[in-house]
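final_6.txt follows; it contains compact mmCIF, C-alpha atoms.
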```txt
# COMPACT_ATOMS: atom_id res chain seq x y z
CA MET S 1 -79.16 12.43 102.24
CA THR S 2 -81.14 9.19 102.18
CA PRO S 3 -79.66 5.76 101.43
CA ALA S 4 -81.86 5.53 98.33
CA THR S 5 -80.40 8.80 97.00
CA ILE S 6 -76.86 7.55 97.59
CA VAL S 7 -77.61 4.22 95.92
CA ALA S 8 -79.05 5.95 92.84
CA ALA S 9 -75.94 8.16 92.52
CA LEU S 10 -73.55 5.24 92.90
CA LEU S 11 -75.32 3.14 90.28
CA GLU S 12 -75.01 6.02 87.79
CA SER S 13 -71.32 6.61 88.46
CA ARG S 14 -68.55 5.99 85.94
CA GLY S 15 -66.72 3.63 88.31
CA PHE S 16 -69.75 1.35 88.69
CA ALA S 17 -70.28 1.35 84.91
CA HIS S 18 -66.73 0.17 84.29
CA LYS S 19 -67.11 -2.65 86.81
CA ARG S 20 -70.40 -3.78 85.25
CA ASP S 21 -68.61 -3.98 81.89
CA ILE S 22 -66.40 -6.73 83.32
CA ALA S 23 -69.36 -9.15 83.29
CA ALA S 24 -69.49 -9.11 79.48
CA VAL S 25 -65.74 -9.69 79.27
CA MET S 26 -66.01 -12.58 81.73
CA GLY S 27 -68.78 -14.11 79.62
CA ALA S 28 -66.70 -13.84 76.45
CA LEU S 29 -63.65 -15.28 78.20
CA GLY S 30 -65.68 -18.28 79.30
CA GLN S 31 -66.85 -18.87 75.73
CA HIS S 32 -63.46 -18.53 74.04
CA SER S 33 -61.05 -20.00 76.59
CA SER S 34 -60.50 -23.76 76.53
CA THR S 35 -58.80 -23.84 79.93
CA GLY S 36 -59.87 -22.44 83.29
CA TRP S 37 -57.88 -20.70 85.98
CA ARG S 38 -57.07 -23.99 87.72
CA ALA S 39 -55.11 -25.22 84.70
CA ALA S 40 -52.48 -22.54 85.39
CA GLY S 41 -52.17 -23.52 89.04
CA GLN S 42 -54.01 -20.39 90.09
CA ALA S 43 -55.00 -20.36 93.74
CA THR S 44 -58.05 -18.09 93.39
CA GLY S 45 -60.81 -17.60 90.87
CA LEU S 46 -60.99 -14.83 88.28
CA GLY S 47 -61.85 -11.47 89.77
CA ASP S 48 -59.10 -11.00 92.33
CA ASP S 49 -56.71 -8.04 92.40
CA CYS S 50 -53.97 -10.31 91.05
CA ALA S 51 -53.59 -13.77 89.63
CA ALA S 52 -52.06 -15.91 92.40
CA LEU S 53 -50.00 -18.82 91.13
CA ALA S 54 -48.97 -21.45 93.67
CA ASP S 55 -45.17 -21.49 93.78
CA GLY S 56 -43.34 -23.58 96.35
CA ASP S 57 -44.24 -22.37 99.82
CA GLY S 58 -46.03 -19.27 98.57
CA TYR S 59 -47.52 -17.55 95.53
CA LEU S 60 -46.40 -15.54 92.54
CA LEU S 61 -48.73 -12.56 92.06
CA PHE S 62 -49.31 -11.12 88.59
CA ALA S 63 -51.52 -8.17 87.63
CA ILE S 64 -52.02 -5.42 85.06
CA GLU S 65 -53.74 -2.01 84.96
CA GLY S 66 -54.75 0.16 82.00
CA PHE S 67 -55.63 3.86 81.96
CA VAL S 68 -58.32 5.86 80.17
CA GLU S 69 -57.25 8.26 77.42
CA ASP S 70 -58.57 11.48 78.97
CA PHE S 71 -56.56 10.90 82.13
CA ILE S 72 -53.31 10.39 80.20
CA ALA S 73 -53.96 13.38 77.94
CA ARG S 74 -54.64 15.81 80.79
CA MET S 75 -52.25 14.49 83.47
CA PRO S 76 -49.46 12.47 81.82
CA TRP S 77 -47.01 12.65 84.75
CA PHE S 78 -49.62 11.60 87.30
CA ALA S 79 -50.90 8.87 84.97
CA GLY S 80 -47.40 7.43 84.82
CA TYR S 81 -47.07 7.68 88.60
CA CYS S 82 -50.41 5.91 89.06
CA GLY S 83 -49.31 3.18 86.66
CA VAL S 84 -46.82 2.00 89.26
CA MET S 85 -48.81 3.02 92.35
CA VAL S 86 -52.02 1.12 91.59
CA ASN S 87 -50.17 -2.04 90.57
CA VAL S 88 -48.14 -1.96 93.77
CA SER S 89 -51.40 -1.55 95.71
CA ASP S 90 -52.88 -4.62 93.99
CA ILE S 91 -49.94 -6.74 95.13
CA TYR S 92 -50.14 -5.55 98.73
CA ALA S 93 -53.95 -5.95 98.70
CA MET S 94 -53.41 -9.69 98.26
CA GLY S 95 -50.92 -9.94 101.11
CA GLY S 96 -47.88 -9.79 98.86
CA ARG S 97 -44.86 -7.64 98.16
CA PRO S 98 -44.05 -6.30 94.67
CA LEU S 99 -40.94 -7.38 92.78
CA ALA S 100 -40.94 -5.44 89.48
CA VAL S 101 -43.11 -3.72 86.87
CA VAL S 102 -43.15 -3.47 83.07
CA ASP S 103 -45.16 -1.07 80.91
CA ALA S 104 -46.69 -0.71 77.45
CA LEU S 105 -46.78 2.92 76.31
CA TRP S 106 -48.27 4.48 73.16
CA SER S 107 -47.92 8.19 72.40
CA ARG S 108 -47.80 10.74 69.63
CA GLY S 109 -44.14 11.70 69.94
CA MET S 110 -41.78 11.73 72.90
CA GLU S 111 -43.09 14.85 74.63
CA PRO S 112 -46.13 13.20 76.26
CA ALA S 113 -44.29 9.90 76.58
CA ASP S 114 -41.45 11.56 78.49
CA GLU S 115 -43.88 12.96 81.07
CA VAL S 116 -45.51 9.55 81.56
CA LEU S 117 -42.12 7.89 82.02
CA ARG S 118 -40.98 10.55 84.48
CA GLY S 119 -44.07 9.86 86.56
CA MET S 120 -43.43 6.14 86.46
CA ALA S 121 -39.81 6.67 87.53
CA ALA S 122 -40.89 8.83 90.47
CA ALA S 123 -43.31 6.17 91.70
CA SER S 124 -40.72 3.44 91.14
CA ALA S 125 -38.34 5.29 93.46
CA ALA S 126 -41.02 6.08 96.05
CA TYR S 127 -42.31 2.51 96.32
CA GLY S 128 -38.95 0.81 95.83
CA VAL S 129 -40.13 -1.27 92.86
CA PRO S 130 -37.93 -1.33 89.73
CA ILE S 131 -39.15 -0.87 86.16
CA VAL S 132 -37.48 -3.76 84.34
CA GLY S 133 -38.75 -3.43 80.76
CA GLY S 134 -41.76 -2.95 78.54
CA HIS S 135 -43.00 -1.90 75.11
CA SER S 136 -43.25 1.53 73.48
CA ASN S 137 -44.73 3.12 70.36
CA THR S 138 -44.26 6.89 69.93
CA ARG S 139 -46.06 6.99 66.57
CA SER S 140 -49.57 6.39 67.87
CA GLU S 141 -52.51 8.74 67.31
CA LYS S 142 -53.53 8.62 70.98
CA GLY S 143 -51.83 8.14 74.30
CA GLN S 144 -52.33 4.76 75.98
CA LEU S 145 -50.71 3.21 79.02
CA ALA S 146 -50.80 -0.23 80.59
CA VAL S 147 -48.54 -1.35 83.43
CA SER S 148 -48.04 -4.88 84.74
CA VAL S 149 -46.57 -6.02 88.04
CA LEU S 150 -45.05 -9.17 89.50
CA GLY S 151 -44.98 -9.92 93.21
CA ARG S 152 -44.80 -12.68 95.78
CA ALA S 153 -46.89 -13.60 98.84
CA ARG S 154 -46.44 -16.10 101.66
CA HIS S 155 -50.13 -16.04 102.63
CA LEU S 156 -53.00 -14.59 100.62
CA ILE S 157 -55.68 -12.02 101.18
CA THR S 158 -58.27 -12.86 98.50
CA SER S 159 -61.59 -11.65 97.14
CA PHE S 160 -63.15 -15.06 97.80
CA ASP S 161 -62.87 -15.46 101.58
CA ALA S 162 -65.32 -12.96 103.08
CA ARG S 163 -67.55 -14.91 105.46
CA PRO S 164 -70.95 -14.11 107.04
CA GLY S 165 -70.38 -12.52 110.42
CA ASP S 166 -67.15 -10.80 109.38
CA ASP S 167 -66.70 -7.07 109.93
CA LEU S 168 -66.17 -4.95 106.82
CA VAL S 169 -63.16 -2.77 107.65
CA MET S 170 -62.35 0.21 105.45
CA ALA S 171 -58.91 1.83 105.72
CA VAL S 172 -57.92 5.02 103.87
CA ASP S 173 -55.02 7.45 104.08
CA LEU S 174 -56.76 10.81 104.52
CA ARG S 175 -53.50 12.81 104.46
CA GLY S 176 -53.98 13.99 100.88
CA VAL S 177 -55.78 16.25 98.42
CA TYR S 178 -57.84 15.75 95.28
CA GLN S 179 -55.95 15.65 92.01
CA GLU S 180 -58.39 18.00 90.33
CA PRO S 181 -60.53 17.75 88.31
CA PHE S 182 -60.49 13.97 88.64
CA PRO S 183 -61.90 11.96 91.55
CA TYR S 184 -58.41 10.86 92.61
CA TRP S 185 -57.50 11.35 96.27
CA ASN S 186 -53.72 11.76 96.20
CA ALA S 187 -52.00 10.91 99.48
CA SER S 188 -48.90 9.59 97.76
CA THR S 189 -46.88 12.02 95.65
CA SER S 190 -45.99 14.36 98.53
CA ALA S 191 -45.41 11.62 101.11
CA PRO S 192 -41.97 10.19 101.99
CA GLY S 193 -41.28 6.90 100.23
CA GLU S 194 -40.31 5.23 103.50
CA ARG S 195 -43.74 6.05 104.95
CA LEU S 196 -45.56 4.84 101.83
CA ARG S 197 -43.76 1.51 101.94
CA GLY S 198 -44.31 1.12 105.67
CA ASP S 199 -48.02 1.85 105.38
CA LEU S 200 -48.44 -0.80 102.67
CA GLU S 201 -46.50 -3.35 104.69
CA ILE S 202 -49.53 -3.55 107.02
CA LEU S 203 -51.30 -5.78 104.49
CA PRO S 204 -48.84 -8.69 104.17
CA ALA S 205 -48.25 -8.44 107.92
CA LEU S 206 -51.99 -8.96 108.50
CA ALA S 207 -52.02 -11.96 106.17
CA GLU S 208 -48.96 -13.55 107.75
CA ALA S 209 -50.35 -13.05 111.26
CA GLY S 210 -53.63 -14.74 110.25
CA LEU S 211 -55.62 -11.59 111.03
CA CYS S 212 -57.24 -11.16 107.60
CA LEU S 213 -58.00 -13.55 104.73
CA ALA S 214 -60.26 -11.42 102.52
CA GLY S 215 -60.06 -7.96 101.03
CA LYS S 216 -59.47 -5.68 98.05
CA ASP S 217 -57.83 -2.35 97.42
CA ILE S 218 -60.32 0.44 96.74
CA SER S 219 -60.69 0.88 92.98
CA MET S 220 -62.36 3.43 90.71
CA ALA S 221 -65.71 2.07 91.94
CA GLY S 222 -65.00 3.71 95.30
CA ALA S 223 -65.20 2.19 98.76
CA VAL S 224 -68.77 0.90 98.44
CA GLY S 225 -68.29 -0.41 94.90
CA THR S 226 -65.13 -2.22 95.96
CA ALA S 227 -67.01 -3.80 98.86
CA LEU S 228 -69.60 -5.05 96.35
CA MET S 229 -66.85 -6.61 94.23
CA LEU S 230 -65.51 -8.42 97.30
CA LEU S 231 -68.97 -9.64 98.27
CA GLU S 232 -69.77 -10.93 94.79
CA CYS S 233 -66.56 -12.94 94.60
CA SER S 234 -67.21 -14.39 98.06
CA GLY S 235 -70.87 -15.21 97.37
CA ALA S 236 -71.97 -13.06 100.29
CA GLY S 237 -74.06 -10.01 101.09
CA ALA S 238 -73.65 -7.22 103.62
CA VAL S 239 -75.08 -4.20 105.36
CA ILE S 240 -72.72 -1.26 104.78
CA ASP S 241 -72.91 1.81 107.02
CA VAL S 242 -71.77 4.82 104.97
CA ASP S 243 -71.67 7.04 108.06
CA CYS S 244 -68.69 5.03 109.34
CA ILE S 245 -66.57 5.18 106.18
CA PRO S 246 -63.42 7.24 106.84
CA ARG S 247 -63.73 10.55 104.96
CA PRO S 248 -61.63 13.73 104.85
CA PRO S 249 -63.18 16.74 106.63
CA GLY S 250 -65.22 18.95 104.34
CA VAL S 251 -65.39 16.50 101.42
CA ASN S 252 -68.86 15.92 99.96
CA LEU S 253 -70.13 12.42 100.76
CA LEU S 254 -71.21 11.50 97.23
CA ARG S 255 -67.92 12.68 95.76
CA TRP S 256 -66.00 10.67 98.33
CA LEU S 257 -67.96 7.49 97.68
CA VAL S 258 -66.96 7.53 94.00
CA SER S 259 -63.35 8.55 94.67
CA PHE S 260 -60.23 6.49 94.12
CA PRO S 261 -57.78 6.91 97.00
CA SER S 262 -54.07 6.34 96.51
CA TYR S 263 -54.17 4.21 99.68
CA GLY S 264 -57.45 2.48 100.45
CA PHE S 265 -58.54 -1.05 101.32
CA VAL S 266 -61.75 -2.91 102.14
CA LEU S 267 -61.12 -5.92 104.34
CA SER S 268 -63.37 -8.68 105.67
CA VAL S 269 -62.20 -9.47 109.19
CA ALA S 270 -63.36 -11.97 111.79
CA PRO S 271 -64.82 -9.94 114.71
CA ASP S 272 -62.27 -11.20 117.24
CA SER S 273 -59.48 -9.83 115.01
CA THR S 274 -61.06 -6.45 114.21
CA GLU S 275 -59.60 -4.54 117.15
CA GLU S 276 -56.06 -5.64 116.33
CA VAL S 277 -56.50 -4.86 112.62
CA LEU S 278 -57.78 -1.34 113.38
CA ALA S 279 -54.93 -0.77 115.83
CA ARG S 280 -52.32 -1.65 113.21
CA PHE S 281 -53.69 0.94 110.80
CA ALA S 282 -54.00 3.54 113.57
CA ASP S 283 -50.35 3.01 114.54
CA ARG S 284 -49.40 4.17 111.02
CA GLY S 285 -51.76 7.16 110.98
CA ILE S 286 -54.22 5.45 108.61
CA ALA S 287 -57.94 6.09 109.23
CA ALA S 288 -59.78 2.79 109.57
CA ALA S 289 -63.20 1.72 110.84
CA ALA S 290 -65.56 -1.25 110.85
CA CYS S 291 -68.26 -0.07 108.43
CA GLY S 292 -70.57 -3.04 108.09
CA ARG S 293 -71.17 -6.72 108.56
CA VAL S 294 -70.98 -9.52 105.99
CA THR S 295 -74.21 -11.54 105.68
CA ASP S 296 -75.34 -14.75 104.02
CA GLY S 297 -76.47 -12.73 101.00
CA PRO S 298 -77.30 -12.41 98.19
CA GLU S 299 -78.27 -8.81 98.99
CA ALA S 300 -76.07 -5.84 99.84
CA TRP S 301 -77.74 -2.97 101.71
CA LEU S 302 -76.57 0.59 102.26
CA ARG S 303 -77.38 2.17 105.60
CA THR S 304 -77.20 5.70 106.96
CA GLY S 305 -78.65 6.53 110.33
CA SER S 306 -81.63 4.28 110.96
CA ASP S 307 -82.58 4.03 107.27
CA GLN S 308 -81.30 1.63 104.64
CA ALA S 309 -81.79 0.84 100.95
CA LEU S 310 -81.01 -2.12 98.73
CA LEU S 311 -77.76 -1.50 96.89
CA TRP S 312 -77.42 -4.76 94.92
CA ASP S 313 -79.07 -8.16 94.68
CA PHE S 314 -76.58 -10.65 93.25
CA ALA S 315 -79.37 -13.17 92.69
CA THR S 316 -80.94 -10.77 90.19
CA ALA S 317 -77.89 -9.48 88.33
CA PRO S 318 -74.11 -9.88 88.46
CA LEU S 319 -71.82 -6.93 89.04
CA MET S 320 -68.60 -8.29 87.48
CA GLY S 321 -69.75 -11.86 86.95
CA CYS S 322 -66.79 -13.06 89.03
CA THR S 323 -67.43 -15.91 91.43
CA ALA S 324 -65.48 -18.95 92.55
CA GLY S 325 -67.05 -20.96 89.73
CA ALA S 326 -67.01 -18.24 87.06
CA ASP S 327 -65.10 -20.35 84.54
CA GLY S 328 -67.37 -23.36 84.89
CA THR S 329 -65.70 -24.98 87.88
CA GLU S 330 -67.52 -25.90 91.05
CA ALA S 331 -67.77 -23.15 93.66
CA GLU S 332 -65.65 -25.22 96.03
CA ALA S 333 -62.72 -25.27 93.62
CA THR S 334 -61.20 -22.04 94.88
CA ALA S 335 -61.06 -23.18 98.48
CA GLU S 336 -59.74 -26.59 97.40
CA ALA S 337 -56.95 -25.05 95.33
CA ARG S 338 -55.84 -22.78 98.17
CA ALA S 339 -55.95 -25.60 100.69
CA THR S 340 -53.78 -27.73 98.42
CA ALA S 341 -51.29 -24.87 98.12
CA GLY S 342 -51.15 -24.34 101.87
CA HIS S 343 -53.36 -21.24 102.30
CA ALA S 344 -54.47 -20.56 105.87
CA THR S 345 -58.04 -21.58 106.72
CA ARG S 346 -60.53 -19.38 108.56
CA GLN S 347 -60.19 -21.57 111.62
CA ASN S 348 -56.40 -21.26 111.63
CA ALA S 349 -56.58 -17.51 111.05
CA VAL S 350 -58.84 -16.95 114.04
CA CYS S 351 -56.40 -18.89 116.20
CA GLY S 352 -53.53 -16.84 114.80
CA SER S 353 -51.55 -19.81 113.50
CA ALA S 354 -49.81 -19.93 110.13
CA ALA S 355 -50.52 -22.67 107.65
```

Written form, structure tokens:
Amino acid sequence: MTPATIVAALLESRGFAHKRDIAAVMGALGQHSSTGWRAAGQATGLGDDCAALADGDGYLLFAIEGFVEDFIARMPWFAGYCGVMVNVSDIYAMGGRPLAVVDALWSRGMEPADEVLRGMAAASAAYGVPIVGGHSNTRSEKGQLAVSVLGRARHLITSFDARPGDDLVMAVDLRGVYQEPFPYWNASTSAPGERLRGDLEILPALAEAGLCLAGKDISMAGAVGTALMLLECSGAGAVIDVDCIPRPPGVNLLRWLVSFPSYGFVLSVAPDSTEEVLARFADRGIAAAACGRVTDGPEAWLRTGSDQALLWDFATAPLMGCTAGADGTEAEATAEARATAGHATRQNAVCGSAA
């Protein structure tokens, strides 16, 4: 399979389409909002996995996820489980630890609602994160679910700190199965809660040790699409080697590249920290590999074997429209806000010190 064939398939995928839709929302938000992200004391620009609000010697993390109707209709229990799981992942992806979740649930009667809530309760117990409230409407024509999470971080992993020369590290828990017929790789529901929590603890530990400043959890855009989101926010490009991306044995490559794993992260890591980062994932049984190199940009290339193809040119078109200056601020504003709040710099991270 050539890189050009893979690129064409990715660009036509549902996950990529949903991410491209964000650009229009970002444009509308810029037109209708009178205040930018800095007015709220936010330490990163729009486009991160969570809002990060400077709070004393750390950050409050705040995020929300919504779910498509066909998923809820066909798999209500798993949709509820994912409502907690994906929010928890967002918090850990930014170097934090979750505190609590709330939900907004619409359904046509209690029968589907009960299944959704049972799934949420199961995930709440597995990940050790309480459900503390929410909103419900059991007289709706269609099922809808949105779940929001609150967390806290001492040091951040952000979408805005990938730097040219960094290794792109991809880490995925391959100890799972597909939740058919959807492209959801489930390595969570049958795993012990203690193991799930320990595996996620790798992320804040990396941030607090100064081993990683930039990354995202793998979303519905898949591993490559998530890498693109990270690159756009950081104003960088990359060469991504799909042959190196951790993949379960026997799983078709194209299906895997548009899959959402229950545990998956793309990290941008300084080369002298890569070995230690990979070792920490390996110690927990998580498959991880350096799958590319961040470049000056604005182009992202996909490589397999000795061949490569252009995946995205950010100078030609946005993906999400999320950059450090997406709300009209200067591009340097993100770094300035984090520095003011005490976020570790790249230089400090390489030396392993904590700021």

Enclose the full set of atoms of segment 104-119 of chain S listed in the file within a box whose edges lie along x, y and z, apply 4 Å of padding to each of the six sides, and report centre and edge lengths in Å to one decimal as AutoDock Vina command-line options.
```
--center_x -44.6 --center_y 7.1 --center_z 78.1 --size_x 15.3 --size_y 23.6 --size_z 24.9
```

Between atom CA of Ser140 of chain S and atom CA of Ser107 of chain S, measure the distance and give it in Å to one decimal.
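Taking atom CA of Ser140 of chain S and atom CA of Ser107 of chain S, their separation equals 5.1 Å.
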
Tell me which protein, DNA and RNA residues are within 10 Å of Trp77 of chain S, counting all atoms listed in the file, leaving out same-chain ones fewer than 3 positions away, and put them as an NGL selection string.
:S and (72-74 or 80-83 or 112-122)

Can I get the selected residues back with C-alpha atoms, as a CSV table (one decimal), keeping the file's coordinate frame?
```csv
chain,number,residue,atom,x,y,z
S,72,ILE,CA,-53.3,10.4,80.2
S,73,ALA,CA,-54.0,13.4,77.9
S,74,ARG,CA,-54.6,15.8,80.8
S,80,GLY,CA,-47.4,7.4,84.8
S,81,TYR,CA,-47.1,7.7,88.6
S,82,CYS,CA,-50.4,5.9,89.1
S,83,GLY,CA,-49.3,3.2,86.7
S,112,PRO,CA,-46.1,13.2,76.3
S,113,ALA,CA,-44.3,9.9,76.6
S,114,ASP,CA,-41.4,11.6,78.5
S,115,GLU,CA,-43.9,13.0,81.1
S,116,VAL,CA,-45.5,9.6,81.6
S,117,LEU,CA,-42.1,7.9,82.0
S,118,ARG,CA,-41.0,10.6,84.5
S,119,GLY,CA,-44.1,9.9,86.6
S,120,MET,CA,-43.4,6.1,86.5
S,121,ALA,CA,-39.8,6.7,87.5
S,122,ALA,CA,-40.9,8.8,90.5
```

Nearest to Ala317 of chain S: which of S:Ala104, S:Val7, S:Glu232, S:Thr274 is it, counting all atoms listed in the file?
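Answer, going by the shortest atom-to-atom distance: S:Glu232.
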
Per residue of segment 58-119 of chain S within 12 Å of segment 161-181 of chain S, what are the shortest atom pair and its distance in Å to one decimal, counting all atoms listed in the file, with rows by chain and residue number, as CSV?
```
residue,atom,partner,partner_atom,distance
S:Asp70,CA,S:Pro181,CA,11.4
S:Phe71,CA,S:Pro181,CA,10.0
S:Arg74,CA,S:Pro181,CA,9.7
S:Met75,CA,S:Gln179,CA,9.4
S:Trp77,CA,S:Gln179,CA,11.9
S:Phe78,CA,S:Gln179,CA,8.9
S:Ala79,CA,S:Gln179,CA,11.0
S:Cys82,CA,S:Gln179,CA,11.6
S:Ala93,CA,S:Ala171,CA,11.6
S:Met94,CA,S:Asp161,CA,11.6
```

Do you have the atom CA of Lys216 of chain S-atom CA of Val239 of chain S distance handy?
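Distance between the two atoms: 17.3 Å.
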
Nearest residue to Ala214 of chain S from the set S:Ser273, S:Ser234, S:Thr323, S:Ser136 (distances using all atoms listed in the file)
S:Ser234

Select, from S:Phe160, S:Phe260, S:Trp106, S:Tyr184, the residue with the minimum atom-to-atom distance to Lys142 of chain S, counting all atoms listed in the file.
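Nearest candidate to Lys142 of chain S out of S:Phe160, S:Phe260, S:Trp106, S:Tyr184: S:Trp106.
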
Select, from S:Ala209, S:Leu257, S:Gly235, S:Asp57, the residue with the minimum atom-to-atom distance to Leu11 of chain S, counting all atoms listed in the file.
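Among the listed residues, S:Leu257 lies closest to Leu11 of chain S.
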
For a quick check of understanding, using all atoms listed in the file, which of S:Ala146, S:Leu203, S:Val258, S:Val84 has the smallest distance to Glu65 of chain S?
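Answer, going by the shortest atom-to-atom distance: S:Ala146.
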